[in-house]
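Dumped upload19.cif below, it's mmCIF, N, CA and C atoms:
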```cif
data_protein
loop_
_atom_site.label_atom_id
_atom_site.label_comp_id
_atom_site.auth_asym_id
_atom_site.auth_seq_id
_atom_site.Cartn_x
_atom_site.Cartn_y
_atom_site.Cartn_z
N MET A 1 -42.56 -81.09 28.99
CA MET A 1 -41.91 -80.91 30.27
C MET A 1 -42.95 -80.41 31.27
N ARG A 2 -42.91 -80.94 32.45
CA ARG A 2 -43.84 -80.56 33.51
C ARG A 2 -43.56 -79.14 33.99
N GLN A 3 -44.62 -78.35 34.11
CA GLN A 3 -44.52 -76.99 34.63
C GLN A 3 -45.47 -76.86 35.81
N ILE A 4 -44.99 -76.25 36.88
CA ILE A 4 -45.79 -76.07 38.08
C ILE A 4 -45.99 -74.57 38.29
N PRO A 5 -47.23 -74.08 38.23
CA PRO A 5 -47.46 -72.65 38.47
C PRO A 5 -47.08 -72.28 39.90
N VAL A 6 -46.48 -71.10 40.07
CA VAL A 6 -46.06 -70.62 41.38
C VAL A 6 -46.93 -69.43 41.76
N GLU A 7 -47.61 -69.53 42.89
CA GLU A 7 -48.46 -68.46 43.39
C GLU A 7 -47.58 -67.37 44.02
N THR A 8 -47.72 -66.14 43.57
CA THR A 8 -46.88 -65.05 44.06
C THR A 8 -47.66 -63.98 44.81
N SER A 9 -48.98 -64.11 44.89
CA SER A 9 -49.79 -63.02 45.46
C SER A 9 -49.48 -62.75 46.94
N GLY A 10 -49.08 -63.76 47.70
CA GLY A 10 -48.77 -63.56 49.11
C GLY A 10 -47.30 -63.36 49.39
N ALA A 11 -46.50 -63.18 48.35
CA ALA A 11 -45.05 -63.08 48.51
C ALA A 11 -44.57 -61.65 48.31
N THR A 12 -43.44 -61.36 48.92
CA THR A 12 -42.72 -60.12 48.65
C THR A 12 -41.57 -60.50 47.73
N VAL A 13 -41.49 -59.83 46.59
CA VAL A 13 -40.46 -60.15 45.60
C VAL A 13 -39.68 -58.88 45.27
N MET A 14 -38.35 -58.97 45.39
CA MET A 14 -37.48 -57.83 45.11
C MET A 14 -36.30 -58.30 44.27
N VAL A 15 -35.75 -57.40 43.47
CA VAL A 15 -34.58 -57.73 42.66
C VAL A 15 -33.36 -57.91 43.56
N ALA A 16 -32.68 -59.04 43.41
CA ALA A 16 -31.44 -59.30 44.14
C ALA A 16 -30.24 -59.01 43.24
N ARG A 17 -30.40 -59.22 41.92
CA ARG A 17 -29.36 -58.90 40.95
C ARG A 17 -30.06 -58.52 39.65
N PRO A 18 -29.71 -57.39 39.07
CA PRO A 18 -30.37 -56.91 37.85
C PRO A 18 -30.25 -57.93 36.71
N PRO A 19 -31.08 -57.78 35.67
CA PRO A 19 -31.09 -58.73 34.56
C PRO A 19 -29.72 -58.88 33.90
N GLN A 20 -29.42 -60.13 33.59
CA GLN A 20 -28.19 -60.49 32.87
C GLN A 20 -28.58 -61.41 31.72
N PRO A 21 -27.84 -61.41 30.62
CA PRO A 21 -28.15 -62.36 29.55
C PRO A 21 -28.03 -63.80 30.08
N LYS A 22 -28.96 -64.66 29.68
CA LYS A 22 -28.92 -66.07 30.07
C LYS A 22 -28.00 -66.78 29.07
N ILE A 23 -26.93 -67.36 29.58
CA ILE A 23 -25.95 -68.03 28.74
C ILE A 23 -26.38 -69.47 28.51
N ARG A 24 -26.49 -69.86 27.25
CA ARG A 24 -26.87 -71.23 26.90
C ARG A 24 -25.66 -72.15 26.96
N ASP A 25 -24.53 -71.67 26.45
CA ASP A 25 -23.31 -72.49 26.40
C ASP A 25 -22.14 -71.64 26.89
N ARG A 26 -21.61 -71.98 28.05
CA ARG A 26 -20.53 -71.18 28.64
C ARG A 26 -19.25 -71.24 27.82
N ARG A 27 -19.04 -72.33 27.10
CA ARG A 27 -17.81 -72.45 26.29
C ARG A 27 -17.82 -71.47 25.13
N THR A 28 -19.00 -71.28 24.50
CA THR A 28 -19.08 -70.41 23.32
C THR A 28 -19.63 -69.02 23.65
N GLY A 29 -20.26 -68.88 24.82
CA GLY A 29 -20.88 -67.61 25.18
C GLY A 29 -22.23 -67.39 24.52
N GLU A 30 -22.79 -68.44 23.91
CA GLU A 30 -24.07 -68.33 23.22
C GLU A 30 -25.19 -67.94 24.20
N ILE A 31 -25.98 -66.96 23.80
CA ILE A 31 -27.11 -66.49 24.61
C ILE A 31 -28.31 -67.38 24.32
N ALA A 32 -29.03 -67.78 25.37
CA ALA A 32 -30.24 -68.60 25.21
C ALA A 32 -31.34 -67.77 24.57
N THR A 33 -32.18 -68.43 23.78
CA THR A 33 -33.32 -67.77 23.16
C THR A 33 -34.60 -68.51 23.50
N ASP A 34 -35.70 -67.77 23.48
CA ASP A 34 -37.01 -68.36 23.72
C ASP A 34 -37.38 -69.19 22.50
N PRO A 35 -37.67 -70.50 22.68
CA PRO A 35 -37.97 -71.35 21.53
C PRO A 35 -39.24 -70.94 20.78
N GLU A 36 -40.17 -70.26 21.45
CA GLU A 36 -41.42 -69.87 20.80
C GLU A 36 -41.30 -68.56 20.02
N THR A 37 -40.58 -67.58 20.60
CA THR A 37 -40.54 -66.25 19.97
C THR A 37 -39.18 -65.90 19.37
N GLY A 38 -38.13 -66.61 19.78
CA GLY A 38 -36.79 -66.28 19.31
C GLY A 38 -36.15 -65.14 20.08
N ALA A 39 -36.85 -64.58 21.07
CA ALA A 39 -36.31 -63.47 21.86
C ALA A 39 -35.16 -63.94 22.73
N SER A 40 -34.20 -63.06 22.95
CA SER A 40 -33.10 -63.37 23.87
C SER A 40 -33.65 -63.55 25.27
N MET A 41 -33.07 -64.50 26.01
CA MET A 41 -33.50 -64.76 27.38
C MET A 41 -32.58 -64.02 28.34
N MET A 42 -33.17 -63.55 29.42
CA MET A 42 -32.44 -62.88 30.48
C MET A 42 -32.66 -63.65 31.78
N THR A 43 -31.74 -63.49 32.72
CA THR A 43 -31.89 -64.06 34.05
C THR A 43 -31.94 -62.92 35.05
N VAL A 44 -32.97 -62.92 35.90
CA VAL A 44 -33.11 -61.94 36.97
C VAL A 44 -33.12 -62.71 38.29
N ASP A 45 -32.17 -62.40 39.17
CA ASP A 45 -32.18 -63.02 40.50
C ASP A 45 -33.10 -62.19 41.38
N VAL A 46 -34.06 -62.86 42.02
CA VAL A 46 -35.01 -62.17 42.89
C VAL A 46 -34.99 -62.78 44.28
N MET A 47 -35.27 -61.92 45.27
CA MET A 47 -35.49 -62.37 46.64
C MET A 47 -36.98 -62.65 46.74
N PHE A 48 -37.32 -63.89 47.06
CA PHE A 48 -38.71 -64.32 47.14
C PHE A 48 -39.01 -64.64 48.59
N ALA A 49 -39.80 -63.80 49.26
CA ALA A 49 -40.12 -64.00 50.67
C ALA A 49 -41.59 -64.34 50.82
N ALA A 50 -41.85 -65.52 51.44
CA ALA A 50 -43.23 -65.95 51.68
C ALA A 50 -43.24 -66.93 52.83
N ASN A 51 -44.29 -66.88 53.62
CA ASN A 51 -44.48 -67.82 54.74
C ASN A 51 -43.29 -67.85 55.69
N GLY A 52 -42.69 -66.68 55.95
CA GLY A 52 -41.58 -66.59 56.89
C GLY A 52 -40.26 -67.13 56.37
N GLU A 53 -40.17 -67.44 55.10
CA GLU A 53 -38.93 -67.96 54.51
C GLU A 53 -38.52 -67.07 53.33
N VAL A 54 -37.21 -66.97 53.12
CA VAL A 54 -36.68 -66.15 52.04
C VAL A 54 -35.72 -67.00 51.21
N GLU A 55 -35.87 -66.91 49.89
CA GLU A 55 -34.96 -67.60 48.98
C GLU A 55 -34.58 -66.66 47.85
N ILE A 56 -33.41 -66.91 47.29
CA ILE A 56 -33.00 -66.20 46.08
C ILE A 56 -33.27 -67.14 44.92
N LEU A 57 -34.07 -66.68 43.96
CA LEU A 57 -34.42 -67.47 42.79
C LEU A 57 -33.85 -66.81 41.54
N ALA A 58 -33.26 -67.62 40.67
CA ALA A 58 -32.84 -67.14 39.36
C ALA A 58 -34.01 -67.41 38.41
N VAL A 59 -34.59 -66.34 37.86
CA VAL A 59 -35.77 -66.46 37.02
C VAL A 59 -35.40 -66.11 35.59
N ALA A 60 -35.69 -67.02 34.66
CA ALA A 60 -35.46 -66.76 33.23
C ALA A 60 -36.68 -66.03 32.67
N VAL A 61 -36.41 -64.98 31.89
CA VAL A 61 -37.48 -64.15 31.33
C VAL A 61 -37.07 -63.73 29.92
N PRO A 62 -38.00 -63.79 28.93
CA PRO A 62 -37.67 -63.24 27.61
C PRO A 62 -37.40 -61.74 27.74
N GLU A 63 -36.42 -61.24 27.02
CA GLU A 63 -36.02 -59.83 27.15
C GLU A 63 -37.18 -58.85 27.01
N PRO A 64 -38.14 -59.05 26.09
CA PRO A 64 -39.26 -58.11 26.00
C PRO A 64 -40.16 -58.10 27.25
N GLY A 65 -40.06 -59.12 28.11
CA GLY A 65 -40.88 -59.20 29.31
C GLY A 65 -40.30 -58.44 30.50
N ILE A 66 -39.17 -57.79 30.31
CA ILE A 66 -38.56 -57.03 31.40
C ILE A 66 -38.95 -55.57 31.24
N SER A 67 -39.63 -55.02 32.28
CA SER A 67 -40.06 -53.63 32.15
C SER A 67 -39.79 -52.86 33.42
N GLY A 68 -39.43 -51.61 33.23
CA GLY A 68 -39.11 -50.73 34.35
C GLY A 68 -37.65 -50.87 34.75
N GLU A 69 -37.24 -50.02 35.65
CA GLU A 69 -35.87 -50.03 36.18
C GLU A 69 -35.76 -51.16 37.19
N LEU A 70 -34.91 -52.14 36.94
CA LEU A 70 -34.79 -53.30 37.82
C LEU A 70 -33.44 -53.30 38.54
N ALA A 71 -33.23 -52.28 39.36
CA ALA A 71 -32.02 -52.19 40.17
C ALA A 71 -32.19 -53.05 41.42
N MET A 72 -31.08 -53.38 42.07
CA MET A 72 -31.12 -54.18 43.28
C MET A 72 -32.05 -53.53 44.31
N GLY A 73 -32.94 -54.34 44.90
CA GLY A 73 -33.87 -53.87 45.92
C GLY A 73 -35.21 -53.39 45.39
N THR A 74 -35.36 -53.32 44.06
CA THR A 74 -36.62 -52.87 43.47
C THR A 74 -37.71 -53.92 43.67
N PRO A 75 -38.86 -53.55 44.23
CA PRO A 75 -39.97 -54.51 44.32
C PRO A 75 -40.51 -54.79 42.92
N VAL A 76 -40.80 -56.06 42.64
CA VAL A 76 -41.26 -56.44 41.31
C VAL A 76 -42.45 -57.40 41.39
N ALA A 77 -43.16 -57.50 40.27
CA ALA A 77 -44.21 -58.50 40.09
C ALA A 77 -43.70 -59.51 39.07
N LEU A 78 -43.95 -60.78 39.33
CA LEU A 78 -43.58 -61.86 38.41
C LEU A 78 -44.86 -62.38 37.76
N THR A 79 -45.00 -62.18 36.46
CA THR A 79 -46.18 -62.63 35.73
C THR A 79 -45.91 -64.01 35.14
N GLY A 80 -46.83 -64.93 35.37
CA GLY A 80 -46.73 -66.26 34.78
C GLY A 80 -45.56 -67.07 35.29
N LEU A 81 -45.21 -66.96 36.56
CA LEU A 81 -44.08 -67.70 37.11
C LEU A 81 -44.39 -69.19 37.20
N VAL A 82 -43.51 -70.01 36.65
CA VAL A 82 -43.63 -71.47 36.74
C VAL A 82 -42.31 -72.06 37.19
N ALA A 83 -42.41 -73.20 37.86
CA ALA A 83 -41.23 -73.97 38.27
C ALA A 83 -41.17 -75.20 37.37
N ARG A 84 -39.95 -75.56 36.96
CA ARG A 84 -39.75 -76.73 36.10
C ARG A 84 -38.67 -77.61 36.70
N PRO A 85 -39.02 -78.83 37.11
CA PRO A 85 -37.98 -79.74 37.58
C PRO A 85 -37.10 -80.15 36.39
N TRP A 86 -35.80 -80.33 36.64
CA TRP A 86 -34.89 -80.77 35.58
C TRP A 86 -33.91 -81.80 36.13
N GLU A 87 -33.36 -82.57 35.22
CA GLU A 87 -32.36 -83.57 35.57
C GLU A 87 -31.47 -83.79 34.35
N ASN A 88 -30.17 -83.92 34.59
CA ASN A 88 -29.26 -84.24 33.49
C ASN A 88 -28.07 -85.04 34.02
N GLU A 89 -27.31 -85.55 33.09
CA GLU A 89 -26.11 -86.30 33.45
C GLU A 89 -24.94 -85.70 32.69
N PHE A 90 -23.87 -85.41 33.43
CA PHE A 90 -22.68 -84.82 32.81
C PHE A 90 -21.46 -85.49 33.41
N ASN A 91 -20.61 -86.04 32.56
CA ASN A 91 -19.41 -86.76 33.00
C ASN A 91 -19.73 -87.83 34.02
N GLY A 92 -20.82 -88.54 33.80
CA GLY A 92 -21.18 -89.63 34.67
C GLY A 92 -21.84 -89.23 35.99
N GLN A 93 -22.03 -87.94 36.20
CA GLN A 93 -22.67 -87.49 37.44
C GLN A 93 -24.07 -86.98 37.12
N ARG A 94 -25.03 -87.47 37.88
CA ARG A 94 -26.42 -87.06 37.71
C ARG A 94 -26.69 -85.83 38.56
N ARG A 95 -27.34 -84.84 37.95
CA ARG A 95 -27.69 -83.61 38.66
C ARG A 95 -29.17 -83.35 38.45
N HIS A 96 -29.78 -82.64 39.42
CA HIS A 96 -31.19 -82.29 39.29
C HIS A 96 -31.46 -81.00 40.07
N GLY A 97 -32.59 -80.40 39.76
CA GLY A 97 -32.95 -79.15 40.43
C GLY A 97 -34.27 -78.63 39.91
N ILE A 98 -34.53 -77.38 40.22
CA ILE A 98 -35.75 -76.71 39.76
C ILE A 98 -35.35 -75.39 39.13
N SER A 99 -35.84 -75.15 37.92
CA SER A 99 -35.59 -73.86 37.28
C SER A 99 -36.89 -73.06 37.30
N PHE A 100 -36.76 -71.75 37.24
CA PHE A 100 -37.92 -70.87 37.28
C PHE A 100 -37.95 -70.01 36.03
N ARG A 101 -39.15 -69.80 35.51
CA ARG A 101 -39.32 -68.98 34.33
C ARG A 101 -40.58 -68.14 34.50
N ALA A 102 -40.52 -66.90 34.03
CA ALA A 102 -41.69 -66.01 34.07
C ALA A 102 -41.90 -65.40 32.70
N VAL A 103 -43.13 -65.04 32.42
CA VAL A 103 -43.46 -64.34 31.18
C VAL A 103 -42.93 -62.91 31.25
N ALA A 104 -43.02 -62.31 32.46
CA ALA A 104 -42.59 -60.92 32.62
C ALA A 104 -42.16 -60.64 34.06
N VAL A 105 -41.22 -59.70 34.19
CA VAL A 105 -40.81 -59.14 35.48
C VAL A 105 -41.03 -57.64 35.35
N THR A 106 -41.90 -57.11 36.21
CA THR A 106 -42.30 -55.71 36.10
C THR A 106 -41.99 -54.97 37.40
N SER A 107 -41.32 -53.85 37.28
CA SER A 107 -41.03 -53.02 38.44
C SER A 107 -42.32 -52.46 39.02
N LEU A 108 -42.49 -52.60 40.32
CA LEU A 108 -43.66 -52.02 40.99
C LEU A 108 -43.44 -50.56 41.35
N VAL A 109 -42.20 -50.10 41.29
CA VAL A 109 -41.90 -48.68 41.55
C VAL A 109 -42.52 -47.83 40.45
N ASP A 110 -42.40 -48.25 39.21
CA ASP A 110 -42.95 -47.50 38.09
C ASP A 110 -44.46 -47.40 38.18
N SER A 111 -45.14 -48.53 38.50
CA SER A 111 -46.60 -48.50 38.57
C SER A 111 -47.07 -47.64 39.73
N ALA A 112 -46.35 -47.62 40.85
CA ALA A 112 -46.72 -46.79 41.99
C ALA A 112 -46.56 -45.31 41.64
N ALA A 113 -45.49 -44.97 40.93
CA ALA A 113 -45.26 -43.58 40.54
C ALA A 113 -46.34 -43.12 39.55
N GLN A 114 -46.73 -44.01 38.64
CA GLN A 114 -47.76 -43.65 37.67
C GLN A 114 -49.12 -43.47 38.35
N SER A 115 -49.41 -44.28 39.36
CA SER A 115 -50.67 -44.16 40.09
C SER A 115 -50.77 -42.82 40.81
N LYS A 116 -49.67 -42.36 41.38
CA LYS A 116 -49.65 -41.08 42.09
C LYS A 116 -49.80 -39.91 41.13
N ALA A 117 -49.26 -40.08 39.90
CA ALA A 117 -49.31 -39.01 38.91
C ALA A 117 -50.73 -38.81 38.38
N VAL A 118 -51.56 -39.84 38.44
CA VAL A 118 -52.90 -39.76 37.87
C VAL A 118 -53.86 -39.09 38.76
#
```

Represent the structure of the file as C-alpha cells.
Amino acid sequence: MRQIPVETSGATVMVARPPQPKIRDRRTGEIATDPETGASMMTVDVMFAANGEVEILAVAVPEPGISGELAMGTPVALTGLVARPWENEFNGQRRHGISFRAVAVTSLVDSAAQSKAV
C-alpha cells in the first residue's frame, strides 16, 4: 500500500479528541490491532494547522505509541506520520479517502515541564 510521509515541522498540532480504541468491525465491536506488533490501535483526533489552513485529522496510533496526558487542546508531536489513500466498495457504492497513521503521539506539555525541571 502506498504511504506518503507528512511533514509536521511547520504545523501546529493539538488534540481535538482524546484517544479512543480504533474499532475494526462496528457490528462486533472488534478492536483493530497493529499487524506488525499485535498492539491495540487507538484513534486520536488532532487539529492540524499549517499554511493558514486548519483540519481535523483522525490519526491511528498503536497504543504503546501514546504518551503523556492527551486531553483536548494539548499540543502534541506526531512521530512518523504518513497518509494512505484508500478505496473500497460497499453495497455497490465506491468510496475513497485518505487515512492517517503515526508511530507515536507525544504530549509536548510533558516535555516542556521536564525541560523546566532540569

I'd like to see the residues matched by the PyMOL selection byres ((chain A and resi 17-27) around 7) on this file, and ideally I'd get them as a compact mmCIF listing (two decimals) with N, CA and C atoms, in the coordinates of the input.
```
# COMPACT_ATOMS: atom_id res chain seq x y z
N MET A 14 -38.35 -58.97 45.39
CA MET A 14 -37.48 -57.83 45.11
C MET A 14 -36.30 -58.30 44.27
N VAL A 15 -35.75 -57.40 43.47
CA VAL A 15 -34.58 -57.73 42.66
C VAL A 15 -33.36 -57.91 43.56
N ALA A 16 -32.68 -59.04 43.41
CA ALA A 16 -31.44 -59.30 44.14
C ALA A 16 -30.24 -59.01 43.24
N THR A 28 -19.00 -71.28 24.50
CA THR A 28 -19.08 -70.41 23.32
C THR A 28 -19.63 -69.02 23.65
N GLY A 29 -20.26 -68.88 24.82
CA GLY A 29 -20.88 -67.61 25.18
C GLY A 29 -22.23 -67.39 24.52
N GLU A 30 -22.79 -68.44 23.91
CA GLU A 30 -24.07 -68.33 23.22
C GLU A 30 -25.19 -67.94 24.20
N ILE A 31 -25.98 -66.96 23.80
CA ILE A 31 -27.11 -66.49 24.61
C ILE A 31 -28.31 -67.38 24.32
N ALA A 32 -29.03 -67.78 25.37
CA ALA A 32 -30.24 -68.60 25.21
C ALA A 32 -31.34 -67.77 24.57
N THR A 33 -32.18 -68.43 23.78
CA THR A 33 -33.32 -67.77 23.16
C THR A 33 -34.60 -68.51 23.50
N SER A 40 -34.20 -63.06 22.95
CA SER A 40 -33.10 -63.37 23.87
C SER A 40 -33.65 -63.55 25.27
N MET A 41 -33.07 -64.50 26.01
CA MET A 41 -33.50 -64.76 27.38
C MET A 41 -32.58 -64.02 28.34
N MET A 42 -33.17 -63.55 29.42
CA MET A 42 -32.44 -62.88 30.48
C MET A 42 -32.66 -63.65 31.78
N THR A 43 -31.74 -63.49 32.72
CA THR A 43 -31.89 -64.06 34.05
C THR A 43 -31.94 -62.92 35.05
N VAL A 44 -32.97 -62.92 35.90
CA VAL A 44 -33.11 -61.94 36.97
C VAL A 44 -33.12 -62.71 38.29
N ASP A 45 -32.17 -62.40 39.17
CA ASP A 45 -32.18 -63.02 40.50
C ASP A 45 -33.10 -62.19 41.38
N VAL A 46 -34.06 -62.86 42.02
CA VAL A 46 -35.01 -62.17 42.89
C VAL A 46 -34.99 -62.78 44.28
N MET A 47 -35.27 -61.92 45.27
CA MET A 47 -35.49 -62.37 46.64
C MET A 47 -36.98 -62.65 46.74
N LEU A 70 -34.91 -52.14 36.94
CA LEU A 70 -34.79 -53.30 37.82
C LEU A 70 -33.44 -53.30 38.54
N ALA A 71 -33.23 -52.28 39.36
CA ALA A 71 -32.02 -52.19 40.17
C ALA A 71 -32.19 -53.05 41.42
N MET A 72 -31.08 -53.38 42.07
CA MET A 72 -31.12 -54.18 43.28
C MET A 72 -32.05 -53.53 44.31
N GLY A 73 -32.94 -54.34 44.90
CA GLY A 73 -33.87 -53.87 45.92
C GLY A 73 -35.21 -53.39 45.39
```

### Task
Using the chain letters and numbering of this document, enumerate as number ranges by chain the residues selected by the PyMOL selection byres ((chain A and resi 85) around 7).
A: 2-4, 83-84, 86-87, 96-99

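Shortest atom-to-atom contact with Val59 (chain A) among A:Val105, A:Gln93, A:Thr12, A:Phe100: A:Phe100, counting all atoms listed in the file.
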
### Message
For the structure I just gave you, how does DSSP split region 11-112 of chain A - specifically, which residues are alpha helix (DSSP H)? Reply as a ChimeraX atom specification.
### Response
/A:108-112

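A straight line drawn from CA of Gly80 (chain A) to CA of Pro62 (chain A) is 11.9 Å long.
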
### Message
What does the structure give for the distance between atom C of Arg95 (chain A) and atom C of Asp34 (chain A), in Å to one decimal?
### Response
22.9 Å

### Message
Counting only N, CA and C atoms, which residue out of A:Thr37, A:Ser67, A:Thr79, A:Thr8 sits closest to Val103 (chain A)?
### Response
A:Thr79

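For the pair CA of Ile66 (chain A) and CA of Asn51 (chain A), the interatomic distance is 26.4 Å.
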
Specify the axis-aligned box that encloses all atoms of region 60-65 of chain A listed in the file after padding of 3 Å on each side, stating its centre and edge lengths in Å to one decimal as JSON.
```
{"center_x": -38.2, "center_y": -62.6, "center_z": 30.3, "size_x": 11.4, "size_y": 14.9, "size_z": 14.7}
```

### Task
From a DSSP calculation on the backbone, collect every residue of chain A in strand (DSSP E or B) and output the set as JSON, numbers by chain.
{"A": [4, 5, 12, 13, 14, 15, 16, 17, 18, 19, 20, 21, 23, 24, 25, 30, 31, 33, 40, 41, 42, 43, 44, 45, 46, 47, 48, 49, 50, 53, 54, 55, 56, 57, 58, 59, 60, 61, 62, 66, 67, 75, 76, 77, 78, 79, 82, 83, 84, 85, 86, 87, 88, 89, 90, 93, 94, 95, 96, 97, 98, 99, 100, 101, 104, 105, 106, 107]}

### Task
Considering all atoms listed in the file, return as an MDAnalysis selection string whatever protein or nucleic-acid residues lie within 8 Å of Ala50 (chain A), sequence-local ones (same chain, fewer than 3 positions apart) excluded.
chainID A and resid 10:13 47 53:55
